[in-house]
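Okay, so here's the structure we're looking at.
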Amino acid sequence: MKRSTGVRSLTLLACLVLVVGAAVPAAGAFTSVEVDAALPDESETDQLSFTFTADANATVDATEQITRANGDVTFQFASWERTDGSGSGMATSWDVVAGGSYEVTYDVSVMGSVDQGSYGGTATVQNQNGGTVASEPLELSVDKLYPQFGYVSPSTQELVYQDPNAQSESTSFDVQIPNDGQGAMVLSDVSFSGLPSGLSAEADLPGTIDGGSSGVVDVTVTGGDSIEPGQYSFQMTLTDNLGNTEEVSVPIEVRRPPIASVSGGEIEVGDVLNGTDREVEFTIEEAGGYEGIDGLSATTIGSEQSASLSISGTRYLSTEPGGSATATASVSVDENVGQHEDLSWDVELTPDDRDAPSTVVTVSARSIYPAILEDVSFAETQLEFDEPRSSVTSFDTTTEVDIRNSGDLEMNVVSTSASMRSGEEYISASIDEAPATIEGLSTGEAVLDISADPDTPEGTYDVAVTVDTESAGRMTVVETVTITQEPELAAQTEVSYGELTITANQTRTIDVQERLGYEAIEGLEITKVSGPDRWLTVVERPPSRIESGDSSPFIVAVQFDTEAELYEQYRWTFRISGENVEARNITVTARARPYSFDQITNPLEERAGGGDWQAATTGPMNTMLLDLEERLRGDSDLSNSVLSRALAAGRATLLFVDSLEQARAAQDSGNYSAAQRSLARAAAARDQMRQYVGGIEQNELRNTGDESVAAAETAFDETASIQQTHYREMLEENSSIYRNAQAYRALMRLSEYTGDQETATEREEAYKRASQEYLRTVEAAAANRTAGAAAYEGYAANATIVLVDYPLVLNPARLDEVGTTTGLISDRYDTAVDLYERAGATEERDATRQRANTVGQRLQVSQYGLYGATGVYGLGVLALLGRTGLNLYAYYRDVTASASGDFLLDGG
């Protein structure tokens with residue numbers, strides 16, 4: 001640490017300078033520095049300067065560095081500056097001008113480990129020929145400063161046991177350590193001796209203590225559960241880093257006052273009927289075990305405007321150490337209190353002892369109501385006449401009637417009845433399954449039966465339900481019964497022509513009918529919704545009106561020409577609609593029976609021109625179909641099965657080529673999922689090619705088709721091999737369980753496609769294992785997330801108050817519990833996030849992480865609130881102790897006056 005700096009200059013004789021000439025005499029430079037003996041690794045700095053005048057133009061070099069005391073003292077060149085301000089620099093070499101005056105500055109650095117004394121060296125400025133331009137002695141005086149312990153006398157500290165459940169009790173206090181020396185003090189060690197059995201001590205040492213100031217040693221004394229009350233002392237020995245020691249005697253008093261406790265920290269009065277009161281006895285225990293309770297104060301914190309609490313039997317309550325006694329809590333509830341209003345008071349129980357802690361218990365109650373007939377409700381009844389008039393004798397329906405008892409006591413139902421207020425000549429109403437009693441806060445259900453004659457006119461009618469109770473009154477509710485009669489359109493929805501030979505003409509008749517027989521269908525229209533604009537002709541349409549119960553024909557004809565796709569199913573959809581009826585769709589389907597191969601052979605020939613595997617696959621198949629067509633034109637005796645199999649094989653070949661091209665294109669773009677789907681289609685098409693070609697009876701045709709099948713299998717296997725390599729690499733990456741399962745499933749399918757059933761079985765087992773591992777991991781993650789959520793809900797449910805979704809705990813006795821619970825919740829959520837990450841369930845992982853952040857913020861706020869509440873309770877205890885001290889002082893003064901008789905003189 002630098003204490004003071006000074007600079008003094010001495011005039012030196014000029015010396016002869018070669019080449020450049022003699023310089024103006026220079027002055028010596030001196031400074032002094034103070035360092036702390038206790039801080040050997042810290043350094044102090046200062047600067048030294050001297051000036052000289054050059055008598056010739058030259059380039060000069062200054063001494064760069066001078067070290068002393070093994071590097072603990074360093075003179076380091078810092079800068080040069082021309083005194084007239086016309087130039088400066090930080091390099092040790094510069095150009096000087098004859099007659100110019102220059103100031104040279106050196107930085108001085110001194111380490112704290114240096115010995116006290118004087119240090120110096122000579123700095124020179126030389127020209128390029130080695131001649132001295134200037135020479136200056138640099139001198140430094142180092143003073144070391146040492147610390148010294150001052151007088152330490154701590155006051156008596158109290159260790160008060162206030163938590164009966166704690167295995168130990170601690171108190172912390174500060175001990176002032178004065179440093180009477182000039183140098184800084186660094187305390188390096190503290191030790192304790194003479195500690196009584198059952199007591200332990202530890203201390204936190206301060207940082208550097210400056211000379212002439214004080215530092216604070218924070219001492220914590222911890223007592224076990226076996227130490228008896230009494231006066232104790234122990235020795236604390238302090239050692240600084242220079243080996244100086246100081247022994248301090250620390251006195252301490254152990255106090256074990258009586259502690260009042262109520263089991264569970266809560267007095268539950270239970271349900272209280274509004275307008276009445278209820279009282280319960282509760283037990284107060286002395287939990288400390290060293291002193292009994294002799295009198296107790298019960299102070300209610302806060303109040304309920306709609307209810308009141310009184311505690312009796314505590315003023316003269318007395319127990320043995322560890323014993324118990326009973327008191328009474330009485331709750332009175334006003335008539336206008338809200339139903340199920342939770343009533344709660346915090347009561348502070350404090351034994352009559354100066355150090356006795358206060359115990360805060362919660363008295364809780366709930367307001368309940370008598371039986372209340374709150375509501376009778378049932379839905380409006382819709383009765384639709386949806387069956388033909390001729391087939392039914394009545395239309396019946398039932399509706400549930402809800403009878404709500406919003407009170408807490410059981411409600412007795414005397415009777416439940418129903419009647420029609422209108423339309424009674426057509427409609428009847430009655431009640432079935434009515435409840436006799438309804439529990440509190442429950443809804444009883446009765447059944448309302450409605451029966452209407454088929455001749456009932458369409459319209460709305462009123463029905464009334466009346467409920468009469470023993471003590472909760474009577475209520476009648478009227479709702480409506482709506483009778484609707486609509487026409488209903490009926491028609492055949494599917495009409496199939498099957499296979500229709502090209503040029504053949506066939507007709508079909510579809511009956512359009514009004515089914516119910518109540519009303520006619522008006523505004524009947526038939527419009528085509530979808531289907532080709534050719535080959536189907538509407539021959540006849542029904543009229544726009546169909547009388548109730550009547551029907552009319554809708555006739556269509558189908559005739560294919562040569563442009564129809566062979567064996568392709570064509571579909572035409574017509575929509576039949578009308579006023580107040582549900583529209584119907586009629587679908588007509590037909591297939592064109594083939595007589596030309598062009599639509600298959602032409603695409604095959606086009607594909608064969610592309611070369612490569614496409615040509616090898618489609619070329620032989622095209623040749624087979626052309627050969628077959630030529631035989632058919634020559635009236636060859638071929639069966640229909642040969643024709644259908646050959647055409648099916650040709651279509652399968654086209655599908656195979658398209659699918660495999662899509663698969664290879666997807667692979668080239670890196671979309672292996674799309675490639676897998678295309679390979680599935682290609683495998684199915686290849687299998688169809690194999691099946692249909694194998695079923696052709698003519699050897700010559702079958703052999704030609706087999707060439708196409710073989711080429712398809714080769715091309716397929718090459719593409720599948722690329723796919724397998726990709727998914728094997730995915731398994732090696734092992735990025736997540738979910739992706740591994742995807743890879744195993746894909747490899748299983750590829751093995752099935754290539755006919756390797758043994759490998760497919762192995763990969764199926766691997767896929768099942770990966771899937772099970774994924775499910776187990778996700779279930780474990782969900783279990784941890786659920787456990788975290790349940791712990792948080794339990795924490796919030798047991799909080800003193802929940803404010804805007806933030807649970808606040810205001811009971812200092814729960815400080816450890818809150819810390820443990822919040823740690824558990826955080827661990828559960830963190831485990832859930834890790835497991836979801838491992839499984840690959842990214843959406844669940846992100847949702848869980850977001851929920852964990854929200855819960856963490858709320859728990860942090862809850863902890864801060866608990867710390868604040870602890871401070872408030874501590875201030876309350878101090879205030880109570882002060883009040884008790886004043887009362888004791890007044891009592892002592894009265895006793896003294898009574899004993900001396902002074903009160904007689906005061907009265908005379």
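Ordered as shown in the structure tokens, chains take letters A, B, and onward, while each chain numbers its residues from 1 and ligands are numbered from 1 in the order shown.
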
Each residue of region 268-334 of chain A with at least one atom at most 12 Å from region 229-252 of chain A should appear once, together with its nearest atom pair and the corresponding distance in Å (one decimal); atoms considered: only C-alpha atoms; ordering: chain, then increasing residue number; output as CSV.
```
residue,atom,partner,partner_atom,distance
A:Gly288,CA,A:Pro229,CA,12.0
A:Gly289,CA,A:Pro229,CA,11.9
A:Tyr290,CA,A:Pro229,CA,8.8
A:Glu291,CA,A:Pro229,CA,10.5
```

Discussion item. Excluding Ser297 (chain A) and its own-chain neighbours fewer than 6 positions away, which residues fall within 12 Å of it when counting only C-alpha atoms? Please give them as a PyMOL selection string.
Written reply: chain A and resi 260+284+311-318+327+347-353+356-360+880+884

Worksheet item: In Å to one decimal, how far is CA of Thr482 (chain A) from CA of Thr381 (chain A)?
Response: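 About the pair CA of Thr381 (chain A) and CA of Thr482 (chain A): they are 6.2 Å apart.
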
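Shortest separation to Tyr102 (chain A) among A:Val60, A:Gly302, A:Ser193, A:Gln128 occurs at residue A:Val60, atoms counted being only C-alpha atoms.
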
Item to complete: For region 705-719 of chain A, please output as a VMD selection string all residues within 10 Å (counting only C-alpha atoms; exclusion window: fewer than 2 positions along the same chain).
Response: chain A and resid 612 to 625 646 649 to 650 653 656 to 657 660 to 661 663 to 664 667 675 679 682 to 683 685 to 694 696 699 to 703 721 to 724 750 753 to 754

Worksheet item: Quick one: of A:Ser200, A:Ser551, A:Ser213, A:Ser153, who's nearest to Gln182 (chain A), counting only C-alpha atoms?
Response: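 The answer is A:Ser213, which sits nearest to Gln182 (chain A).
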
Worksheet entry | Non-local contacts of Ser406 (chain A) (8 Å; only C-alpha atoms; under 4 positions in same chain excluded) as a PyMOL selection string | chain A and resi 371-374+440-442

Go ahead and save the residues from that selection, with N, CA and C atoms, as a compact mmCIF listing (two decimals), in the first residue's frame.
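Saved as result_7.txt:
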```
# COMPACT_ATOMS: atom_id res chain seq x y z
N ALA A 371 -80.83 -27.20 3.87
CA ALA A 371 -81.30 -27.63 2.56
C ALA A 371 -81.95 -26.46 1.81
N ILE A 372 -81.59 -26.33 0.49
CA ILE A 372 -82.11 -25.24 -0.35
C ILE A 372 -82.54 -25.84 -1.68
N LEU A 373 -83.83 -25.66 -2.03
CA LEU A 373 -84.31 -26.06 -3.35
C LEU A 373 -83.92 -24.94 -4.32
N GLU A 374 -82.77 -25.10 -4.92
CA GLU A 374 -82.23 -24.01 -5.74
C GLU A 374 -82.85 -23.98 -7.14
N GLY A 440 -77.07 -33.18 0.43
CA GLY A 440 -76.60 -31.80 0.31
C GLY A 440 -75.64 -31.63 -0.84
N LEU A 441 -75.73 -30.49 -1.50
CA LEU A 441 -74.86 -30.15 -2.63
C LEU A 441 -74.95 -31.20 -3.74
N SER A 442 -76.15 -31.74 -3.93
CA SER A 442 -76.34 -32.77 -4.94
C SER A 442 -77.55 -32.45 -5.79
```

Dump as CSV the rows for residues of region 25-63 of chain A within 12 Å of region 105-110 of chain A: closest atom pair and distance in Å with one decimal, only C-alpha atoms counted, ordered by chain and rising residue number.
```
residue,atom,partner,partner_atom,distance
A:Ala29,CA,A:Tyr106,CA,9.9
A:Phe30,CA,A:Val108,CA,10.6
A:Thr31,CA,A:Val108,CA,9.1
A:Ser32,CA,A:Val108,CA,10.1
A:Val33,CA,A:Val110,CA,7.8
A:Glu34,CA,A:Val110,CA,9.1
A:Val35,CA,A:Val110,CA,7.9
A:Asp36,CA,A:Val110,CA,10.9
A:Leu39,CA,A:Val110,CA,11.7
A:Pro40,CA,A:Val110,CA,10.0
A:Asp41,CA,A:Val110,CA,10.1
A:Glu42,CA,A:Val110,CA,8.5
A:Ser43,CA,A:Val110,CA,5.3
A:Glu44,CA,A:Val110,CA,5.2
A:Thr45,CA,A:Ser109,CA,4.5
A:Asp46,CA,A:Val108,CA,5.0
A:Gln47,CA,A:Asp107,CA,4.6
A:Leu48,CA,A:Tyr106,CA,5.2
A:Ser49,CA,A:Thr105,CA,4.3
A:Phe50,CA,A:Thr105,CA,6.8
A:Thr51,CA,A:Thr105,CA,8.8
A:Phe52,CA,A:Thr105,CA,11.7
A:Ala62,CA,A:Tyr106,CA,10.5
A:Thr63,CA,A:Tyr106,CA,9.7
```

Worksheet item: Near region 81-98 of chain A, within 10 Å and counting only C-alpha atoms, which residues show up once chain neighbours fewer than 2 positions away are dropped, as number ranges by chain?
Response: A: 20-21, 23, 51-64, 77-79, 100-105, 125-128

Item to complete: Please provide as a VMD selection string all residues within 12 Å of Gly840 (chain A), with the sequence filter that same-chain residues fewer than 3 positions apart are discarded (counting only C-alpha atoms).
Response: chain A and resid 734 to 742 770 to 771 773 to 775 777 to 778 781 833 to 837 843 to 846

Selection from above, C-alpha atoms, as a PDB file, in the first residue's frame, can you write it?
```
ATOM      1  CA  ASN A 734     -28.470 -43.297 -31.839  1.00  0.00           C
ATOM      2  CA  SER A 735     -29.935 -39.777 -31.583  1.00  0.00           C
ATOM      3  CA  SER A 736     -33.114 -40.887 -29.783  1.00  0.00           C
ATOM      4  CA  ILE A 737     -35.138 -43.980 -28.891  1.00  0.00           C
ATOM      5  CA  TYR A 738     -37.964 -42.836 -31.181  1.00  0.00           C
ATOM      6  CA  ARG A 739     -35.684 -42.534 -34.227  1.00  0.00           C
ATOM      7  CA  ASN A 740     -34.144 -45.951 -33.454  1.00  0.00           C
ATOM      8  CA  ALA A 741     -37.608 -47.504 -33.417  1.00  0.00           C
ATOM      9  CA  GLN A 742     -38.375 -45.816 -36.761  1.00  0.00           C
ATOM     10  CA  ALA A 770     -37.199 -50.028 -29.051  1.00  0.00           C
ATOM     11  CA  SER A 771     -40.923 -49.259 -28.965  1.00  0.00           C
ATOM     12  CA  GLU A 773     -38.195 -48.732 -24.332  1.00  0.00           C
ATOM     13  CA  TYR A 774     -39.724 -45.592 -25.815  1.00  0.00           C
ATOM     14  CA  LEU A 775     -43.006 -46.226 -23.994  1.00  0.00           C
ATOM     15  CA  THR A 777     -39.084 -43.829 -21.040  1.00  0.00           C
ATOM     16  CA  VAL A 778     -42.068 -41.626 -21.895  1.00  0.00           C
ATOM     17  CA  ALA A 781     -40.985 -38.972 -17.867  1.00  0.00           C
ATOM     18  CA  VAL A 833     -37.258 -33.120 -19.326  1.00  0.00           C
ATOM     19  CA  ASP A 834     -34.155 -35.383 -19.563  1.00  0.00           C
ATOM     20  CA  LEU A 835     -36.260 -38.517 -20.150  1.00  0.00           C
ATOM     21  CA  TYR A 836     -38.376 -36.835 -22.843  1.00  0.00           C
ATOM     22  CA  GLU A 837     -35.125 -35.678 -24.500  1.00  0.00           C
ATOM     23  CA  GLU A 843     -43.046 -31.549 -27.983  1.00  0.00           C
ATOM     24  CA  GLU A 844     -43.564 -33.074 -24.520  1.00  0.00           C
ATOM     25  CA  ARG A 845     -40.017 -32.056 -23.565  1.00  0.00           C
ATOM     26  CA  ASP A 846     -40.616 -28.407 -24.538  1.00  0.00           C
TER      27      ASP A 846
END
```

Item to complete: Could you pull out the residues in region 250-489 of chain A that DSSP calls strand (DSSP E or B) from the backbone, as a PyMOL selection string?
Response: chain A and resi 250-255+260-261+266-273+277-286+294+296-301+307-312+318+324-333+342-351+359-368+373-377+381-384+395-405+411-420+427-432+437-438+442-452+459-469+474-484+489

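Candidate residues A:Thr416, A:Asp449, A:Val142, A:Glu387 were compared for distance to Thr399 (chain A), and the nearest is A:Asp449, using only C-alpha atoms.
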
Fill in: Gap from CA of Thr537 (chain A) to CA of Val495 (chain A) - Å, one decimal
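According to the coordinates, CA of Thr537 (chain A) and CA of Val495 (chain A) are separated by 14.1 Å.
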
Fill in: Residue among A:Thr466, A:Ser496, A:Ser390, A:Gln157 lying closest to Val478 (chain A), counting only C-alpha atoms
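Closest candidate: A:Thr466.
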
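Pairwise distance (CA of Ile66 (chain A), CA of Ala184 (chain A)) equals 28.5 Å.
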
Practice prompt. Pick out the closest residue to Leu604 (chain A) from this set: A:Ile403, A:Asn179, A:Ile586, A:Leu647. Count only C-alpha atoms.
Written response: A:Leu647

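For region 262-505 of chain A, backbone-based DSSP assignment of helix (DSSP H, G or I) covers Ser263, Gly264, Gly265, Arg389, Ser390 and Ser391 of chain A.
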
Worksheet item: Smallest atom-to-atom distance to Val262 (chain A): which of A:Thr124, A:Thr362, A:Thr222, A:Asn274, using only C-alpha atoms?
Response: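 Nearest candidate to Val262 (chain A) out of A:Thr124, A:Thr362, A:Thr222, A:Asn274: A:Thr362.
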